[in-house]
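The structure appears below as structure tokens.
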Amino acid sequence: MCAVVCSVCSQKRIHVREKFSDELKKLLNDIFVYLFKNQYLCDMSERRKSIACIRITPYLAEYAVRKFHVDERTGAICIPDTSDLYHVVWNGMTKPRRGEIPEEGNLQILLPKRREGKNPAYYNKMSSQSVKAFDHTLRIIFNFEYHHFLLDHDRRGSRKNIIDLVDEFISRYHLVSISSDALIKNWQRYRQRISPHQKRKYTKKLRF
């Protein structure tokens with residue numbers, strides 16, 4: 001009889017332990033999920049505060065989205081610290097005025113964050129002068145890559161004509177805000193600048 005009672009008691013203890021263990025696991029899992037979600041929301045909030053929205057030349061904005069890495073969670077571009085644009089952005093970061101409505105733009109930038117200096121959560125606006133400097137610097141980068149792309153094909157003796165090469169460059173960066181004719185004229189101006197054609201001098205013959 002005693003053996004039966006002991007057996008029943010031990011089984012109840014095992015059942016209680018298993019039930020307690022399951023409840024503890026569920027509680028720990030709920031705590032982990034809560035902390036993870038809370039941390040994720042904090043990180044997202046911090047990231048959204050660290051984004052500046054600017055308006056630049058449309059085709060340059062399209063180029064930047066394909067040129068640089070885009071953060072999947074925010075859709076903002078991440079500019080590496082090796083780029084000249086990184087320093088343009090860092091120097092142009094300012095604090096927005098209290099109650100100021102954020103401007104709408106066509107390009108979102110994930111602002112650089114350093115150990116010391118400007119905190120992008122507060123210095124999350126770019127001044128109008130820095131936006132102009134950003135547009136100008138990005139245009140230089142675009143033209144350099146575009147001209148180098150065409151020169152490289154020219155040096156290798158590519159059989160492709162200029163129209164096909166320009167269309168290839170446009171499709172590479174998904175450019176829709178600039179036409180192939182505009183890029184061809186851009187190339188022609190560049191060629192004229194680096195190797196200007198000298199006009200033939202006309203000398204009038206005098207008859208005696």
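Residue numbering restarts at 1 in every chain; chains get A, B, ... in the order shown in the structure tokens, and ligands count up from 1 in that same order.
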Find the spatial neighbours of A:Val88, counting only C-alpha atoms, within a cut-off of 12 Å - ignore same-chain residues fewer than 3 positions away - and output them as a list in words. Ile79, Pro80, Asp81, Thr82, Ser83, Asp84, Leu85, Asn91, Gly92, Met93, Ile109, Leu111, Pro112, Met126, Ser127, Gln129, Ser130, Val131, Lys132, Ala133, Phe134, Asp135, His136, Thr137 and Leu138 of chain A
Would you mind exporting C-alpha atoms of the selected residues as a PDB file, in the first residue's frame?
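Wrote selection38.pdb, looks like this:
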```pdb
ATOM      1  CA  ILE A  79      27.071  56.292 -47.847  1.00  0.00           C
ATOM      2  CA  PRO A  80      30.477  54.746 -47.021  1.00  0.00           C
ATOM      3  CA  ASP A  81      33.023  56.879 -45.180  1.00  0.00           C
ATOM      4  CA  THR A  82      35.415  56.495 -48.125  1.00  0.00           C
ATOM      5  CA  SER A  83      33.171  58.619 -50.336  1.00  0.00           C
ATOM      6  CA  ASP A  84      33.424  62.403 -50.638  1.00  0.00           C
ATOM      7  CA  LEU A  85      29.660  62.526 -50.132  1.00  0.00           C
ATOM      8  CA  ASN A  91      29.611  68.766 -42.458  1.00  0.00           C
ATOM      9  CA  GLY A  92      26.085  69.739 -43.502  1.00  0.00           C
ATOM     10  CA  MET A  93      24.192  68.071 -40.639  1.00  0.00           C
ATOM     11  CA  ILE A 109      20.066  59.403 -46.417  1.00  0.00           C
ATOM     12  CA  LEU A 111      23.162  59.965 -41.550  1.00  0.00           C
ATOM     13  CA  PRO A 112      26.670  59.019 -40.413  1.00  0.00           C
ATOM     14  CA  MET A 126      20.781  69.170 -43.999  1.00  0.00           C
ATOM     15  CA  SER A 127      21.009  72.860 -44.750  1.00  0.00           C
ATOM     16  CA  GLN A 129      23.772  74.910 -48.937  1.00  0.00           C
ATOM     17  CA  SER A 130      24.820  71.391 -47.991  1.00  0.00           C
ATOM     18  CA  VAL A 131      22.070  69.955 -50.233  1.00  0.00           C
ATOM     19  CA  LYS A 132      23.477  71.990 -53.139  1.00  0.00           C
ATOM     20  CA  ALA A 133      26.976  70.743 -52.286  1.00  0.00           C
ATOM     21  CA  PHE A 134      25.653  67.168 -52.159  1.00  0.00           C
ATOM     22  CA  ASP A 135      23.992  67.562 -55.572  1.00  0.00           C
ATOM     23  CA  HIS A 136      27.164  69.070 -57.040  1.00  0.00           C
ATOM     24  CA  THR A 137      29.451  66.345 -55.619  1.00  0.00           C
ATOM     25  CA  LEU A 138      27.121  63.554 -56.714  1.00  0.00           C
TER      26      LEU A 138
END
```
Write out as CSV a residue-level contact list of stretch 32-144 of chain A versus stretch 179-184 of chain A with cut-off 12 Å: for each qualifying residue the closest pair of atoms and the distance in Å to one decimal, counting only C-alpha atoms, rows sorted by chain and residue number upward.
```
residue,atom,partner,partner_atom,distance
A:Tyr59,CA,A:Ser179,CA,9.7
A:Phe142,CA,A:Leu183,CA,11.2
A:Asn143,CA,A:Leu183,CA,9.7
```
Kindly export the residues of the current selection with C-alpha atoms, as a CSV table (one decimal), in the first residue's frame.
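Output below, filename selection.csv:
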```csv
chain,number,residue,atom,x,y,z
A,59,TYR,CA,18.2,61.4,-62.2
A,142,PHE,CA,28.1,60.5,-61.9
A,143,ASN,CA,29.9,62.2,-64.7
```
Taking the backbone alone, and naming residues the way the document does, which bits of stretch 52-189 of chain A are alpha helix (DSSP H) by DSSP, as a PyMOL selection string? chain A and resi 58-67+84-92+128-155+162-172+180-189
